[in-house]
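Structure first, then comments.
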Amino acid sequence: MNDAWPLVSVLIPVHPHVTEVKSAEAARRFDYPREKLEIVIVRTTDLSIGPGVKRNAGLKAIRGELVYFLDDDSVAEPGNVKRALHHFSDPRVKVVGGPNVCPPEAPLFERVLGLVMGTWLAFGPSRTRYRPVGKLRECGEKELISSHLIARRDAVVEVGFDPKLWPNEENAMMNGIKQRGGKLLYDPEFLSRRRPRRTLHAYVKMVLFYGGGRAQQFRLYPSTDVVINFIPPLFCLYLLALPFLIAAFISMKTALLLVLLPLILYLLVLAGQTINVAAQSNPGLAILAMPLMVLTNLLYGLGFWRGLFIRIKPPPPVAEKDIRFETVPV
């Protein structure tokens, strides 16, 4: 009977100093035949080696027909592999993903971040990475994330992860699969649980990093899909110019209203999004989320501008001795 099940490899890139790999422990509890499951942790000796390099190396070392990419702190649901298999019955489906939701037992600040990251205003179409949105559907790369993603190994190997990108290496990979005719699926019930950043400082770094990564992806792989990502950087530019525009048009009421219109519209959208967050949770959490939504927009915009102009460095050379594979018993 078990011969009918495909071999699934769980691939987890890990920093050198990480000792607790929650995703590996969760993977051991998958409702799936033990002999058809392998769990491989990829470590490097150098912190500057990005996850794309680790995943490329891991893809050569694993044996599975399907590969389940997880970050070390992503706790996937036990039924996820079997659930994904139903989707892969369609040979055109190459990638299946779903949301990483904040655990309900997380500290207050992290739960507020979870709400912020699940809003359209803060994360746009990528909010689907952090909360279930809609129904099972074909999707684009913005809706999926490699910290919780299962794919056909041969499709990923054909494209590979661009080692020059970190982050957004998985986004370029998924775009490559789509360009080859493959389908990406978003399943809102294909869940894992993952705590957001622990501190405000860590969150600030993450959003700046994400903005820069999207800009660098655009530079390496230009696409009209990235048009929406230009909104936060252009909004930052507008806010920077706003005092000068107000001074220039202060005596012209109609012109001044036009100058202030984008800000007024933004504040109205912010109010509407805050009401929506309150409906999802409670008014107290929504009030805490409001300034973080604004901060997210500004940080992403600043990160995007930086990513447009900084030099994209080639990845450092990686020797075999710099990468270590650990097989977790199942």
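Letters for chains follow the order of the structure tokens (A, B, ...), residue numbers begin at 1 for each chain, and ligand numbers begin at 1 in the order shown.
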
Tyr32 (chain A) surroundings by only C-alpha atoms, 9 Å radius, close-in-sequence under 2 positions cut, as a VMD selection string: chain A and resid 5 29 to 30 34 to 37 78 to 79 81 to 82

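Using only C-alpha atoms, the protein and nucleic acid residues lying no more than 9 Å from region 94-97 of chain A, apart from those fewer than 4 places from it along its own chain, are A:Ala84, A:His87, A:Phe88, A:Asp90, A:Arg129, A:Glu143, A:Leu144, A:Ile145, A:Ser146, A:His148, A:Leu149, A:Ile150, A:Ala151, A:Arg152, A:Arg153, A:Ala155, A:Val156, A:Met174, A:Ile177, A:Lys178, A:Gly182, A:Lys183, A:Leu184, A:Leu185, A:Tyr186, A:Asp187, A:Pro188, A:Phe190, A:Leu191.
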
8 Å contact set for region 217-221 of chain A, only C-alpha atoms, chain neighbours under 5 positions out, as a VMD selection string: chain A and resid 165 168 to 169 172 226 308

Non-local contacts of region 48-52 of chain A (7 Å; only C-alpha atoms; under 3 positions in same chain excluded) as a PyMOL selection string: chain A and resi 13+55-56+161-163+166+169

With N, CA and C atoms kept, could you save the residues just selected as an mmCIF file, in the first residue's frame?
```cif
data_model
loop_
_atom_site.group_PDB
_atom_site.id
_atom_site.type_symbol
_atom_site.label_atom_id
_atom_site.label_comp_id
_atom_site.auth_asym_id
_atom_site.auth_seq_id
_atom_site.Cartn_x
_atom_site.Cartn_y
_atom_site.Cartn_z
ATOM 1 N N PRO A 13 16.659 24.890 5.913
ATOM 2 C CA PRO A 13 17.922 25.625 6.054
ATOM 3 C C PRO A 13 18.005 26.265 7.432
ATOM 4 N N ARG A 55 19.329 25.876 0.116
ATOM 5 C CA ARG A 55 18.284 25.069 -0.511
ATOM 6 C C ARG A 55 18.779 24.423 -1.805
ATOM 7 N N ASN A 56 19.571 25.151 -2.584
ATOM 8 C CA ASN A 56 20.133 24.557 -3.803
ATOM 9 C C ASN A 56 20.997 23.344 -3.457
ATOM 10 N N PHE A 161 17.230 28.329 -7.047
ATOM 11 C CA PHE A 161 17.160 29.567 -6.268
ATOM 12 C C PHE A 161 18.343 30.448 -6.676
ATOM 13 N N ASP A 162 18.056 31.685 -7.040
ATOM 14 C CA ASP A 162 19.121 32.599 -7.449
ATOM 15 C C ASP A 162 19.943 32.974 -6.218
ATOM 16 N N PRO A 163 21.216 32.584 -6.150
ATOM 17 C CA PRO A 163 22.017 32.863 -4.952
ATOM 18 C C PRO A 163 22.313 34.345 -4.760
ATOM 19 N N TRP A 166 18.544 37.514 -1.697
ATOM 20 C CA TRP A 166 18.204 37.139 -0.331
ATOM 21 C C TRP A 166 17.727 38.390 0.383
ATOM 22 N N GLU A 169 14.489 35.153 -3.040
ATOM 23 C CA GLU A 169 15.004 34.087 -3.897
ATOM 24 C C GLU A 169 13.905 33.095 -4.259
#
```

Nearby residues (only C-alpha atoms) at most 9 Å from region 197-204 of chain A, same-chain spacing under 5 positions excluded, as a PyMOL selection string: chain A and resi 107+109-110+113+209+295-296+299
